[in-house]
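**Student:** Dropping in upload10.txt, with compact mmCIF, C-alpha atoms.
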# COMPACT_ATOMS: atom_id res chain seq x y z
CA MET A 1 0.00 0.00 0.00
CA GLN A 2 1.35 3.42 -0.86
CA ALA A 3 1.76 5.29 2.40
CA SER A 4 2.07 8.69 0.71
CA SER A 5 -1.37 8.53 -0.90
CA LEU A 6 -2.99 7.37 2.34
CA ARG A 7 -1.24 10.05 4.35
CA SER A 8 -2.17 12.91 2.04
CA ILE A 9 -5.84 11.95 1.91
CA ALA A 10 -6.09 11.47 5.67
CA ALA A 11 -4.30 14.74 6.41
CA GLY A 12 -6.63 16.66 4.12
CA THR A 13 -9.79 15.56 5.90
CA ILE A 14 -8.79 15.21 9.56
CA ALA A 15 -8.12 18.88 10.30
CA VAL A 16 -11.57 19.93 9.12
CA ALA A 17 -13.29 17.21 11.13
CA ALA A 18 -11.44 18.24 14.27
CA ILE A 19 -12.38 21.92 13.95
CA VAL A 20 -16.05 21.22 13.24
CA GLY A 21 -16.28 18.62 15.98
CA PHE A 22 -14.74 20.91 18.58
CA SER A 23 -17.19 23.70 17.84
CA VAL A 24 -20.12 21.30 18.26
CA PHE A 25 -18.82 20.05 21.62
CA ALA A 26 -18.26 23.58 22.87
CA ALA A 27 -21.68 24.77 21.74
CA LEU A 28 -23.60 22.41 24.03
CA THR A 29 -25.31 24.41 26.76
CA HIS A 30 -27.98 23.35 29.20
CA LYS A 31 -29.21 24.07 32.71
CA VAL A 32 -28.83 21.08 35.02
CA SER A 33 -32.05 19.79 36.54
CA ALA A 34 -32.32 19.12 40.25
CA ALA A 35 -32.02 15.34 39.95
CA THR A 36 -30.54 13.72 36.88
CA THR A 37 -30.28 9.94 37.04
CA VAL A 38 -27.24 8.50 35.29
CA ILE A 39 -27.26 4.88 34.18
CA SER A 40 -24.99 2.60 32.20
CA GLY A 41 -24.82 3.59 28.54
CA ASP A 42 -25.63 7.27 29.08
CA LEU A 43 -23.73 10.10 27.45
CA ILE A 44 -22.94 12.67 30.13
CA ARG A 45 -21.22 16.02 30.58
CA GLY A 46 -20.88 18.62 33.30
CA GLU A 47 -22.17 22.17 33.50
CA SER A 48 -18.87 23.96 32.92
CA PHE A 49 -16.96 21.56 30.69
CA SER A 50 -17.76 20.76 27.07
CA ALA A 51 -16.33 17.24 27.03
CA VAL A 52 -18.83 14.39 26.65
CA TYR A 53 -18.27 11.03 28.35
CA TYR A 54 -19.74 7.55 28.08
CA MET A 55 -21.07 6.04 31.31
CA GLY A 56 -19.76 2.48 31.41
CA ALA A 57 -21.51 -0.48 32.97
CA ASP A 58 -18.47 -0.98 35.21
CA GLY A 59 -19.05 2.28 37.10
CA TYR A 60 -16.46 4.37 35.26
CA ARG A 61 -16.91 7.15 32.70
CA TYR A 62 -15.02 6.85 29.44
CA VAL A 63 -13.39 9.66 27.48
CA PHE A 64 -13.90 10.32 23.77
CA PRO A 65 -10.33 11.33 22.78
CA ASN A 66 -11.64 13.49 19.94
CA GLU A 67 -14.72 14.20 17.86
CA LYS A 68 -13.78 11.70 15.17
CA THR A 69 -13.97 8.88 17.69
CA TYR A 70 -17.33 10.16 18.96
CA TYR A 71 -18.86 10.28 15.48
CA THR A 72 -18.06 6.63 14.79
CA TRP A 73 -20.51 5.81 17.60
CA TYR A 74 -23.03 8.67 17.48
CA SER A 75 -24.39 11.01 14.83
CA ASN A 76 -25.47 13.82 17.16
CA PHE A 77 -25.59 15.01 20.78
CA ASP A 78 -29.34 14.75 21.32
CA SER A 79 -29.11 12.16 24.10
CA VAL A 80 -26.39 13.84 26.19
CA LYS A 81 -27.36 14.23 29.86
CA PHE A 82 -26.14 17.29 31.77
CA ILE A 83 -25.12 16.73 35.38
CA SER A 84 -23.47 19.00 37.93
CA ASP A 85 -19.70 19.41 37.81
CA ALA A 86 -19.57 17.96 41.32
CA ASP A 87 -21.48 14.83 40.30
CA LEU A 88 -19.32 14.43 37.20
CA GLY A 89 -16.18 14.73 39.31
CA ASN A 90 -17.40 11.92 41.54
CA ILE A 91 -17.45 9.48 38.61
CA GLN A 92 -13.97 8.10 38.01
CA ILE A 93 -12.45 7.96 34.54
CA GLY A 94 -11.94 4.42 33.29
CA GLY A 95 -10.07 5.08 30.05
CA ASN A 96 -10.63 6.19 26.48
CA VAL A 97 -13.21 5.12 23.94
CA THR A 98 -11.75 3.59 20.77
CA TYR A 99 -13.17 3.72 17.25
CA LYS A 100 -16.29 1.70 16.61
CA PRO A 101 -15.13 -1.47 14.86
CA GLY A 102 -15.54 -1.53 11.09
CA VAL A 103 -16.47 2.13 10.59
CA LYS A 104 -13.08 3.52 9.59
CA MET A 105 -9.50 2.43 9.01
CA ILE A 106 -6.93 4.19 11.16
CA LYS A 107 -3.21 5.03 11.21
CA ILE A 108 -0.77 7.34 12.97
CA ASN A 109 1.42 10.06 11.48
CA THR A 110 4.67 8.36 12.48
CA ASP A 111 3.83 4.98 10.89
CA PRO A 112 2.70 4.34 7.29
CA LYS A 113 0.77 1.19 8.25
CA VAL A 114 -3.01 1.27 7.98
CA TYR A 115 -5.22 -0.85 10.24
CA ALA A 116 -8.75 -2.18 10.37
CA VAL A 117 -10.38 -1.84 13.79
CA ALA A 118 -11.77 -4.96 15.44
CA ALA A 119 -13.57 -5.43 18.75
CA GLY A 120 -12.13 -3.74 21.82
CA GLY A 121 -9.70 -1.59 19.89
CA SER A 122 -7.80 -4.55 18.42
CA LEU A 123 -6.04 -3.63 15.17
CA LEU A 124 -5.48 -5.79 12.10
CA ALA A 125 -2.94 -4.59 9.54
CA ILE A 126 -4.14 -3.95 5.97
CA ASP A 127 -1.41 -5.28 3.70
CA SER A 128 -2.34 -3.73 0.34
CA GLU A 129 -4.57 -1.28 -1.50
CA SER A 130 -6.44 -4.21 -3.04
CA THR A 131 -7.28 -5.52 0.44
CA ALA A 132 -8.49 -2.07 1.52
CA ALA A 133 -10.65 -1.81 -1.62
CA ALA A 134 -12.07 -5.28 -1.07
CA LEU A 135 -13.14 -4.29 2.45
CA TYR A 136 -14.18 -0.66 2.03
CA GLY A 137 -14.93 -0.30 -1.67
CA SER A 138 -13.64 2.12 -4.26
CA THR A 139 -13.64 5.02 -1.77
CA TRP A 140 -11.38 3.19 0.69
CA ASN A 141 -8.79 5.97 0.50
CA LYS A 142 -11.32 8.43 1.97
CA GLN A 143 -12.07 6.21 4.92
CA ILE A 144 -8.79 6.50 6.81
CA ASP A 145 -8.36 8.58 9.96
CA ASP A 146 -5.09 9.59 11.60
CA VAL A 147 -5.14 8.85 15.31
CA PRO A 148 -2.84 11.11 17.37
CA ASP A 149 0.21 9.22 18.60
CA GLY A 150 -0.78 9.87 22.20
CA PHE A 151 -4.07 8.00 21.76
CA PHE A 152 -2.67 5.09 19.76
CA SER A 153 -1.76 3.30 22.99
CA ASN A 154 -5.51 2.78 23.51
CA TYR A 155 -5.36 0.19 20.74
CA THR A 156 -3.77 -3.25 20.58
CA ILE A 157 -2.02 -4.39 17.40
CA SER A 158 -2.90 -8.05 16.93
CA GLY A 159 0.12 -8.87 14.81
CA ASN A 160 -2.05 -10.38 12.09
CA ASN A 161 -3.08 -8.99 8.74
CA VAL A 162 -6.79 -8.51 8.17
CA SER A 163 -8.52 -11.31 6.28
CA THR A 164 -11.08 -10.31 3.64
CA THR A 165 -12.88 -13.61 4.22
CA GLU A 166 -13.11 -13.26 8.00
CA TYR A 167 -13.41 -9.48 8.49
CA SER A 168 -16.55 -7.74 7.22
CA PRO A 169 -16.81 -4.03 8.14
CA ALA A 170 -20.61 -4.06 8.00
CA THR A 171 -20.92 -7.21 10.10
CA ILE A 172 -18.42 -6.17 12.74
CA THR A 173 -19.97 -2.71 13.03
CA ALA A 174 -23.42 -4.23 13.51
CA GLY A 175 -22.03 -6.49 16.23
CA ALA A 176 -20.58 -3.59 18.22
CA THR A 177 -23.96 -2.42 19.49
CA THR A 178 -22.64 -0.32 22.37
CA ILE A 179 -19.36 0.78 23.90
CA ASN A 180 -20.18 -1.50 26.85
CA ASN A 181 -20.43 -4.37 24.39
CA ASP A 182 -17.24 -3.41 22.56
CA LYS A 183 -15.19 -3.11 25.76
CA SER A 184 -16.91 -6.08 27.48
CA LEU A 185 -17.82 -3.88 30.44
CA ALA A 186 -19.82 -5.54 33.23
CA ALA A 187 -21.59 -4.17 36.29
CA PRO A 188 -19.34 -3.89 39.35
CA LYS A 189 -19.62 -6.12 42.38
CA GLU A 190 -21.19 -4.03 45.15
CA VAL A 191 -19.59 -3.89 48.60
CA SER A 192 -20.85 -1.53 51.30
CA VAL A 193 -19.20 -0.47 54.53
CA SER A 194 -20.70 0.82 57.76
CA SER A 195 -19.79 0.86 61.45
CA THR A 196 -20.62 -2.85 61.62
CA GLY A 197 -18.25 -3.85 58.82
CA PHE A 198 -18.09 -4.63 55.13
CA SER A 199 -20.99 -6.35 53.40
CA PRO A 200 -20.41 -8.85 51.98
CA LEU A 201 -17.26 -9.76 53.89
CA SER A 202 -15.92 -11.59 50.83
CA ALA A 203 -16.62 -11.33 47.13
CA THR A 204 -15.50 -13.33 44.09
CA ILE A 205 -15.04 -11.65 40.70
CA ASN A 206 -13.38 -12.33 37.37
CA ALA A 207 -10.05 -10.70 36.55
CA GLY A 208 -10.49 -7.37 34.82
CA THR A 209 -13.82 -6.53 36.43
CA THR A 210 -14.61 -3.97 39.12
CA VAL A 211 -15.81 -3.63 42.68
CA ARG A 212 -17.72 -0.55 43.84
CA PHE A 213 -17.17 0.21 47.53
CA THR A 214 -19.92 2.41 49.00
CA ASN A 215 -19.99 4.09 52.39
CA SER A 216 -23.49 3.47 53.74
CA ASP A 217 -22.64 5.01 57.10
CA THR A 218 -22.65 8.57 58.47
CA ALA A 219 -18.99 8.26 59.49
CA THR A 220 -16.01 8.19 57.11
CA HIS A 221 -14.50 4.89 55.94
CA THR A 222 -11.97 3.43 53.51
CA ALA A 223 -11.23 0.12 51.85
CA THR A 224 -7.44 -0.07 51.93
CA GLY A 225 -5.50 -3.01 50.51
CA ASP A 226 -3.26 -4.84 52.96
CA ASP A 227 -0.57 -4.79 50.28
CA GLY A 228 -0.58 -0.99 50.23
CA VAL A 229 -1.01 -0.99 46.46
CA TRP A 230 -4.66 -0.08 46.15
CA GLY A 231 -7.36 1.67 48.12
CA THR A 232 -10.43 3.86 47.89
CA GLY A 233 -9.11 6.77 49.90
CA THR A 234 -11.48 8.44 52.33
CA MET A 235 -15.14 7.89 51.48
CA LEU A 236 -17.53 10.36 53.06
CA ALA A 237 -21.09 9.40 53.98
CA GLY A 238 -22.83 8.13 50.83
CA GLY A 239 -19.62 8.23 48.81
CA ASN A 240 -18.27 5.42 46.68
CA PHE A 241 -15.14 4.38 44.83
CA VAL A 242 -14.64 1.85 42.04
CA VAL A 243 -11.58 -0.41 41.88
CA ARG A 244 -10.65 -2.61 38.93
CA PHE A 245 -8.81 -5.84 39.79
CA LYS A 246 -6.82 -6.86 36.74
CA LYS A 247 -4.95 -9.94 37.98
CA ALA A 248 -6.10 -13.15 39.63
CA GLY A 249 -5.32 -13.40 43.33
CA THR A 250 -6.57 -12.80 46.84
CA TYR A 251 -6.91 -9.16 47.87
CA THR A 252 -7.44 -8.56 51.58
CA TYR A 253 -8.26 -5.09 52.85
CA TYR A 254 -9.28 -3.10 55.93
CA ASP A 255 -10.96 0.15 56.91
CA GLY A 256 -8.38 2.86 57.51
CA TYR A 257 -10.63 4.49 60.09
CA ASN A 258 -11.42 1.27 61.94
CA HIS A 259 -8.77 -1.42 61.51
CA SER A 260 -11.01 -4.04 63.08
CA LEU A 261 -13.16 -3.99 59.94
CA SER A 262 -11.79 -6.06 57.07
CA GLY A 263 -12.79 -7.95 53.94
CA VAL A 264 -11.43 -9.91 51.00
CA ILE A 265 -11.82 -9.96 47.23
CA TYR A 266 -11.11 -13.20 45.38
CA VAL A 267 -10.17 -12.59 41.77
CA GLN A 268 -10.26 -15.63 39.50
Take the structure in the file and write it out as structure tokens.

**Tutor:**
Amino acid sequence: MQASSLRSIAAGTIAVAAIVGFSVFAALTHKVSAATTVISGDLIRGESFSAVYYMGADGYRYVFPNEKTYYTWYSNFDSVKFISDADLGNIQIGGNVTYKPGVKMIKINTDPKVYAVAAGGSLLAIDSESTAAALYGSTWNKQIDDVPDGFFSNYTISGNNVSTTEYSPATITAGATTINNDKSLAAPKEVSVSSTGFSPLSATINAGTTVRFTNSDTATHTATGDDGVWGTGTMLAGGNFVVRFKKAGTYTYYDGYNHSLSGVIYVQ
């Protein structure tokens, strides 16, 4: 594949998309209602900041790195929910959203390789112009976006070339129904803490999933790992904190404000 032709076409379209997209994000204005309920799958933003986030099933909010990424998933901003800056700040950031699989091919300025996007931000190299045309038609060279180098780490290069018999842009796009689906995000395991202890005292989860610790008491509490590596920090009354456990193992923890209270998370 000729890198120069791909680069020139991508460079000619990306700058315009970025300018238009930024103006749309910045133009969103709305007065926050007294009680806005946020659920998994919502698009949310605060009162003072123009950035829009995706509310993941795992309890985190996910960042759209730029407008191009957003527009692979959504065509407008009609469903964005406005919440207070304070409420937005209480929702932890879980990472960045990647391109919706199958919609566009992507590359970076410092590498001439062009990739097809598969589920979860996995990338398959496109080895020739004929392969690109077979997948994306005669206008394939207008369907390539440059991803800033700083955001390319959100993706995983599979090491394999894309197969025209196994990869269908239309099929893979249809299969990526939501960002939750694409990232395999699941609801967190719920653990509460009060003056009587953690409930449940033990919980079993799969590696890569999350636990949401919630303070159901009027006093302050923490969930602090015995290994000193992880912890919720101070949780005020009604506050919560989400922790992702990436590796299998046994994670014991205690309450920093009452060391007699303890619990354990089994990650399998």

**Student:** Which one of A:Gly120, A:Tyr54, A:Tyr71, A:Gly59 sits closest to Asp182 of chain A if you count all atoms listed in the file?

**Tutor:**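 For Asp182 of chain A, the nearest of the candidates is A:Gly120.
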
**Student:** Within 9 Å of Trp230 of chain A, counting only C-alpha atoms, which residues show up once you throw out same-chain ones fewer than 6 positions away? Write them as a list of chain:residue names, please.

**Tutor:** A:Ala223, A:Thr224, A:Val243

**Student:** What lies within 10 Å of Gly121 of chain A using only C-alpha atoms, ignoring chain neighbours under 2 positions off, as a PyMOL selection string?

**Tutor:** chain A and resi 97-101+116-119+123-124+152-158+182-183

**Student:** Neighbouring residues of Leu261 of chain A were defined as those with any atom within 12 Å, considering only C-alpha atoms; residues of the same chain fewer than 3 positions away were excluded. Please report them as a PyMOL selection string.

**Tutor:** chain A and resi 192-201+221-224+252-258+264

**Student:** Convert the current residue selection to file output with C-alpha atoms, as a PDB file, in the coordinates of the input.

**Tutor:**
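What landed in out.pdb:
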ATOM      1  CA  SER A 192     -20.850  -1.530  51.300  1.00  0.00           C
ATOM      2  CA  VAL A 193     -19.200  -0.470  54.530  1.00  0.00           C
ATOM      3  CA  SER A 194     -20.700   0.820  57.760  1.00  0.00           C
ATOM      4  CA  SER A 195     -19.790   0.860  61.450  1.00  0.00           C
ATOM      5  CA  THR A 196     -20.620  -2.850  61.620  1.00  0.00           C
ATOM      6  CA  GLY A 197     -18.250  -3.850  58.820  1.00  0.00           C
ATOM      7  CA  PHE A 198     -18.090  -4.630  55.130  1.00  0.00           C
ATOM      8  CA  SER A 199     -20.990  -6.350  53.400  1.00  0.00           C
ATOM      9  CA  PRO A 200     -20.410  -8.850  51.980  1.00  0.00           C
ATOM     10  CA  LEU A 201     -17.260  -9.760  53.890  1.00  0.00           C
ATOM     11  CA  HIS A 221     -14.500   4.890  55.940  1.00  0.00           C
ATOM     12  CA  THR A 222     -11.970   3.430  53.510  1.00  0.00           C
ATOM     13  CA  ALA A 223     -11.230   0.120  51.850  1.00  0.00           C
ATOM     14  CA  THR A 224      -7.440  -0.070  51.930  1.00  0.00           C
ATOM     15  CA  THR A 252      -7.440  -8.560  51.580  1.00  0.00           C
ATOM     16  CA  TYR A 253      -8.260  -5.090  52.850  1.00  0.00           C
ATOM     17  CA  TYR A 254      -9.280  -3.100  55.930  1.00  0.00           C
ATOM     18  CA  ASP A 255     -10.960   0.150  56.910  1.00  0.00           C
ATOM     19  CA  GLY A 256      -8.380   2.860  57.510  1.00  0.00           C
ATOM     20  CA  TYR A 257     -10.630   4.490  60.090  1.00  0.00           C
ATOM     21  CA  ASN A 258     -11.420   1.270  61.940  1.00  0.00           C
ATOM     22  CA  VAL A 264     -11.430  -9.910  51.000  1.00  0.00           C
TER      23      VAL A 264
END

**Student:** Using 6 Å of padding on each side, determine the axis-aligned box around all atoms of segment 103-116 of chain A present in the file and give its centre and edge lengths in Å to one decimal, as AutoDock Vina command-line options.

**Tutor:**
--center_x -5.9 --center_y 3.9 --center_z 10.1 --size_x 33.1 --size_y 24.2 --size_z 17.7

**Student:** Point out the residue among A:Thr131, A:Thr69, A:Thr220, A:Ser79 with the least atom-to-atom distance to Asp145 of chain A, counting all atoms listed in the file.

**Tutor:**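 So, comparing all the options, the nearest one is A:Thr69.
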
**Student:** So which residues touch Tyr60 of chain A within 6 Å, counting all atoms listed in the file, skipping near sequence neighbours fewer than 2 positions away, as a list in words?

**Tutor:**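 With the cut-off at 6 Å, the set is Gly56, Asp58, Gln92, Ile93 and Gly94 of chain A.
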
**Student:** One decimal, Å: what's the distance from atom CA of Pro169 of chain A over to atom CA of Ala133 of chain A, could you say?

**Tutor:**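 Computing it gives 11.8 Å between the two atoms.
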
**Student:** Taking 3 positions as the minimum chain separation for residues in the same chain, which residues sit within 7 Å of Lys81 of chain A when counting all atoms listed in the file? Answer as a PyMOL selection string.

**Tutor:** chain A and resi 43-45

**Student:** Go through A:Glu47, A:Asp42, A:Glu67, A:Asp111 one by one, measure the shortest atom-to-atom distance of each to Asp85 of chain A using all atoms listed in the file, and give the residue with the smallest value.

**Tutor:**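 So, comparing all the options, the nearest one is A:Glu47.
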
**Student:** Kindly reconstruct segment 75-89 of chain A with N, CA and C atoms and present the result as a PDB file, in the frame of the given file.

**Tutor:**
ATOM      1  N   SER A  75     -24.255  10.032  15.919  1.00  0.00           N
ATOM      2  CA  SER A  75     -24.390  11.010  14.830  1.00  0.00           C
ATOM      3  C   SER A  75     -24.741  12.397  15.328  1.00  0.00           C
ATOM      4  N   ASN A  76     -25.112  12.517  16.606  1.00  0.00           N
ATOM      5  CA  ASN A  76     -25.470  13.820  17.160  1.00  0.00           C
ATOM      6  C   ASN A  76     -25.304  13.792  18.674  1.00  0.00           C
ATOM      7  N   PHE A  77     -25.738  14.893  19.327  1.00  0.00           N
ATOM      8  CA  PHE A  77     -25.590  15.010  20.780  1.00  0.00           C
ATOM      9  C   PHE A  77     -26.952  15.067  21.480  1.00  0.00           C
ATOM     10  N   ASP A  78     -27.979  14.599  20.805  1.00  0.00           N
ATOM     11  CA  ASP A  78     -29.340  14.750  21.320  1.00  0.00           C
ATOM     12  C   ASP A  78     -29.568  14.035  22.650  1.00  0.00           C
ATOM     13  N   SER A  79     -28.844  12.954  22.902  1.00  0.00           N
ATOM     14  CA  SER A  79     -29.110  12.160  24.100  1.00  0.00           C
ATOM     15  C   SER A  79     -28.164  12.469  25.264  1.00  0.00           C
ATOM     16  N   VAL A  80     -27.339  13.507  25.123  1.00  0.00           N
ATOM     17  CA  VAL A  80     -26.390  13.840  26.190  1.00  0.00           C
ATOM     18  C   VAL A  80     -27.129  14.341  27.424  1.00  0.00           C
ATOM     19  N   LYS A  81     -26.782  13.792  28.590  1.00  0.00           N
ATOM     20  CA  LYS A  81     -27.360  14.230  29.860  1.00  0.00           C
ATOM     21  C   LYS A  81     -26.400  15.197  30.550  1.00  0.00           C
ATOM     22  N   PHE A  82     -26.936  16.316  31.030  1.00  0.00           N
ATOM     23  CA  PHE A  82     -26.140  17.290  31.770  1.00  0.00           C
ATOM     24  C   PHE A  82     -26.258  17.004  33.262  1.00  0.00           C
ATOM     25  N   ILE A  83     -25.114  16.918  33.927  1.00  0.00           N
ATOM     26  CA  ILE A  83     -25.120  16.730  35.380  1.00  0.00           C
ATOM     27  C   ILE A  83     -24.214  17.809  35.983  1.00  0.00           C
ATOM     28  N   SER A  84     -24.274  17.972  37.291  1.00  0.00           N
ATOM     29  CA  SER A  84     -23.470  19.000  37.930  1.00  0.00           C
ATOM     30  C   SER A  84     -21.987  18.644  37.821  1.00  0.00           C
ATOM     31  N   ASP A  85     -21.139  19.653  37.846  1.00  0.00           N
ATOM     32  CA  ASP A  85     -19.700  19.410  37.810  1.00  0.00           C
ATOM     33  C   ASP A  85     -19.265  18.535  38.988  1.00  0.00           C
ATOM     34  N   ALA A  86     -19.909  18.754  40.140  1.00  0.00           N
ATOM     35  CA  ALA A  86     -19.570  17.960  41.320  1.00  0.00           C
ATOM     36  C   ALA A  86     -19.904  16.490  41.106  1.00  0.00           C
ATOM     37  N   ASP A  87     -21.085  16.220  40.555  1.00  0.00           N
ATOM     38  CA  ASP A  87     -21.480  14.830  40.300  1.00  0.00           C
ATOM     39  C   ASP A  87     -20.578  14.185  39.250  1.00  0.00           C
ATOM     40  N   LEU A  88     -20.217  14.953  38.225  1.00  0.00           N
ATOM     41  CA  LEU A  88     -19.320  14.430  37.200  1.00  0.00           C
ATOM     42  C   LEU A  88     -17.967  14.085  37.817  1.00  0.00           C
ATOM     43  N   GLY A  89     -17.474  14.961  38.680  1.00  0.00           N
ATOM     44  CA  GLY A  89     -16.180  14.730  39.310  1.00  0.00           C
ATOM     45  C   GLY A  89     -16.158  13.509  40.206  1.00  0.00           C
TER      46      GLY A  89
END
